[in-house]
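Undergrad: One structure, as C-alpha cells, below. Some questions next.
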Amino acid sequence: MDFKIAIDIQKRIKEILSRVSLPYIDPERIICFRSQGSKSRARARIWSLPRIWQQALRVKPHYCIEVLSEKFDQLSFQEQTKILIHELMHIPKTFSGALLPHQGRGKVVINQRTVNKVYKVYRKNNK
C-alpha cells in the first residue's frame, strides 16, 4: 500500500470546517492522505494518535484522514464531501486523540441521517 499527503483533501477539510459548526476540531492537526493498493472496502477512514503515543512523542492530539483512491476518487463531489463529514464526525468534542464509534452507549452517534444533517448545513453556508 502506498500513502501520499493529499493537499486537495486537506483544503476540502478546511473548507468543510469553515461552513459547519465543529469548533472543537483543529484543522491544523488533521493530516490527510490518499492511499492506493488497499484491499479494504472502505472509501475513507480516520486514524487517531492514542494518548500514550502523544505522551511518548510529546505532541498534541492529531488525526489522519485517509481516502482510498480507488474507491474515493471516482465518487461525485457531493458523496466525497459526505464521506469527509462522516470521518470528521468520528472526532470527539475533546479532540483528545480518541475516536467516536458509529454507535455508543445504546444510541447511534454517526449514521447517514446525522451526516445528511451536517451536509445540509454545509450546503446552506455556501460561501
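In the C-alpha cells, chains take the letters A, B, ... in the order shown, each chain's residues start at 1, and ligands count up from 1 in the order shown.
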Considering only C-alpha atoms, return as a PyMOL selection string whatever protein or nucleic-acid residues lie within 10 Å of Ile65 in chain A, sequence-local ones (same chain, fewer than 3 positions apart) excluded.

TA: chain A and resi 6+9-10+13+30-34+44-48+68+84+87-88

Undergrad: For Gln78 in chain A, find every residue with an atom within 12 Å (counting only C-alpha atoms), except residues of its own chain fewer than 5 positions away, and show them as a list in words.

TA: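 Using only C-alpha atoms, the neighbours found are Arg12, Ile16, Phe72, Asp73, Ile83, Leu84, Ile85, Val115, Asn116, Tyr119, Lys120, Tyr122 and Arg123 of chain A.
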
Undergrad: Go through range 29-91 of chain A and collect every residue that DSSP, computed from the backbone, puts in alpha helix (DSSP H); the answer should be as a ChimeraX atom specification.

TA: /A:51-57,69-72,77-88

Undergrad: Would you put the residues from that selection into a file with C-alpha atoms, as a PDB file, in the first residue's frame?

TA:
ATOM      1  CA  ARG A  51      -2.686   9.289  24.313  1.00  0.00           C
ATOM      2  CA  ILE A  52       0.279   7.025  25.107  1.00  0.00           C
ATOM      3  CA  TRP A  53       1.886   7.959  21.753  1.00  0.00           C
ATOM      4  CA  GLN A  54       1.097  11.627  22.329  1.00  0.00           C
ATOM      5  CA  GLN A  55       2.959  11.466  25.628  1.00  0.00           C
ATOM      6  CA  ALA A  56       5.816   9.385  24.242  1.00  0.00           C
ATOM      7  CA  LEU A  57       6.341  11.758  21.304  1.00  0.00           C
ATOM      8  CA  SER A  69      -8.024   6.434  -4.069  1.00  0.00           C
ATOM      9  CA  GLU A  70      -9.547   3.517  -5.980  1.00  0.00           C
ATOM     10  CA  LYS A  71     -12.894   3.920  -4.203  1.00  0.00           C
ATOM     11  CA  PHE A  72     -12.999   7.602  -3.212  1.00  0.00           C
ATOM     12  CA  PHE A  77     -18.117  15.751  -5.203  1.00  0.00           C
ATOM     13  CA  GLN A  78     -21.268  15.512  -3.048  1.00  0.00           C
ATOM     14  CA  GLU A  79     -20.583  11.919  -1.996  1.00  0.00           C
ATOM     15  CA  GLN A  80     -16.939  12.714  -1.286  1.00  0.00           C
ATOM     16  CA  THR A  81     -17.995  15.639   0.899  1.00  0.00           C
ATOM     17  CA  LYS A  82     -20.432  13.460   2.845  1.00  0.00           C
ATOM     18  CA  ILE A  83     -17.698  10.889   3.419  1.00  0.00           C
ATOM     19  CA  LEU A  84     -15.308  13.553   4.692  1.00  0.00           C
ATOM     20  CA  ILE A  85     -18.026  14.879   7.015  1.00  0.00           C
ATOM     21  CA  HIS A  86     -18.598  11.330   8.244  1.00  0.00           C
ATOM     22  CA  GLU A  87     -14.905  10.936   9.075  1.00  0.00           C
ATOM     23  CA  LEU A  88     -14.827  14.309  10.885  1.00  0.00           C
TER      24      LEU A  88
END

Undergrad: For the atom pair CA of Ala42 in chain A and CA of Val67 in chain A, what is the interatomic distance in Å to one decimal place?

TA: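 Result for CA of Ala42 in chain A versus CA of Val67 in chain A: 8.6 Å, one decimal.
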
Undergrad: Enumerate, as a list in words, the complete set of residues in chain A that a backbone-based DSSP assignment places in strand (DSSP E).

TA: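 Residues meeting the strand (DSSP E) criterion: Asp2, Phe3, Lys4, Ile5, Ile30, Ile31, Cys32, Phe33, Arg34, Ser35, Gln36, Ala44, Arg45, Ile46, Trp47, Ser48, Tyr63, Cys64, Ile65, Glu66, Val67, Leu68, Gln103, Gly104, Lys107 and Val108 of chain A.
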
Undergrad: Calculate how many Å separate CA of Asp2 in chain A from CA of Arg41 in chain A, rounding to one decimal.

TA: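 Calculated distance between CA of Asp2 in chain A and CA of Arg41 in chain A is 16.2 Å.
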
Undergrad: Set the distance at 7 Å and use only C-alpha atoms: which residues neighbour Pro61 in chain A once local chain neighbours fewer than 4 positions away are removed? I'd like the list as a short mmCIF file (atom, residue, chain, number, x, y, z; two decimals) with C-alpha atoms, in the first residue's frame.

TA:
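The resulting file, result.cif, is shown below:
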data_model
loop_
_atom_site.label_atom_id
_atom_site.label_comp_id
_atom_site.auth_asym_id
_atom_site.auth_seq_id
_atom_site.Cartn_x
_atom_site.Cartn_y
_atom_site.Cartn_z
CA LEU A 49 -2.97 9.15 17.76
CA GLN A 54 1.10 11.63 22.33
CA PHE A 95 -10.19 16.46 20.44
CA SER A 96 -8.22 14.07 22.63
CA GLY A 97 -6.87 11.66 20.04
#

Undergrad: Taking only C-alpha atoms into account, which of A:Met1, A:Leu22, A:Cys64, A:Val59 comes nearest Gly37 in chain A?

TA: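 That would be A:Met1, the residue with the smallest distance to Gly37 in chain A.
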
Undergrad: One number please: CA of Asp8 in chain A to CA of Lys117 in chain A, in Å, one decimal.

TA: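 According to the coordinates, CA of Asp8 in chain A and CA of Lys117 in chain A are separated by 24.0 Å.
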
Undergrad: For Pro50 in chain A, which residue out of A:Asn111, A:Glu15, A:His90, A:Tyr63 is the nearest one, using only C-alpha atoms?

TA: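 Using only C-alpha atoms, the shortest distance to Pro50 in chain A belongs to A:Tyr63.
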
Undergrad: Restricting the calculation to only C-alpha atoms, which member of A:Tyr24, A:Gln74, A:Ser18, A:Val118 is positioned closest to Arg43 in chain A?

TA: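 The closest residue to Arg43 in chain A is A:Gln74.
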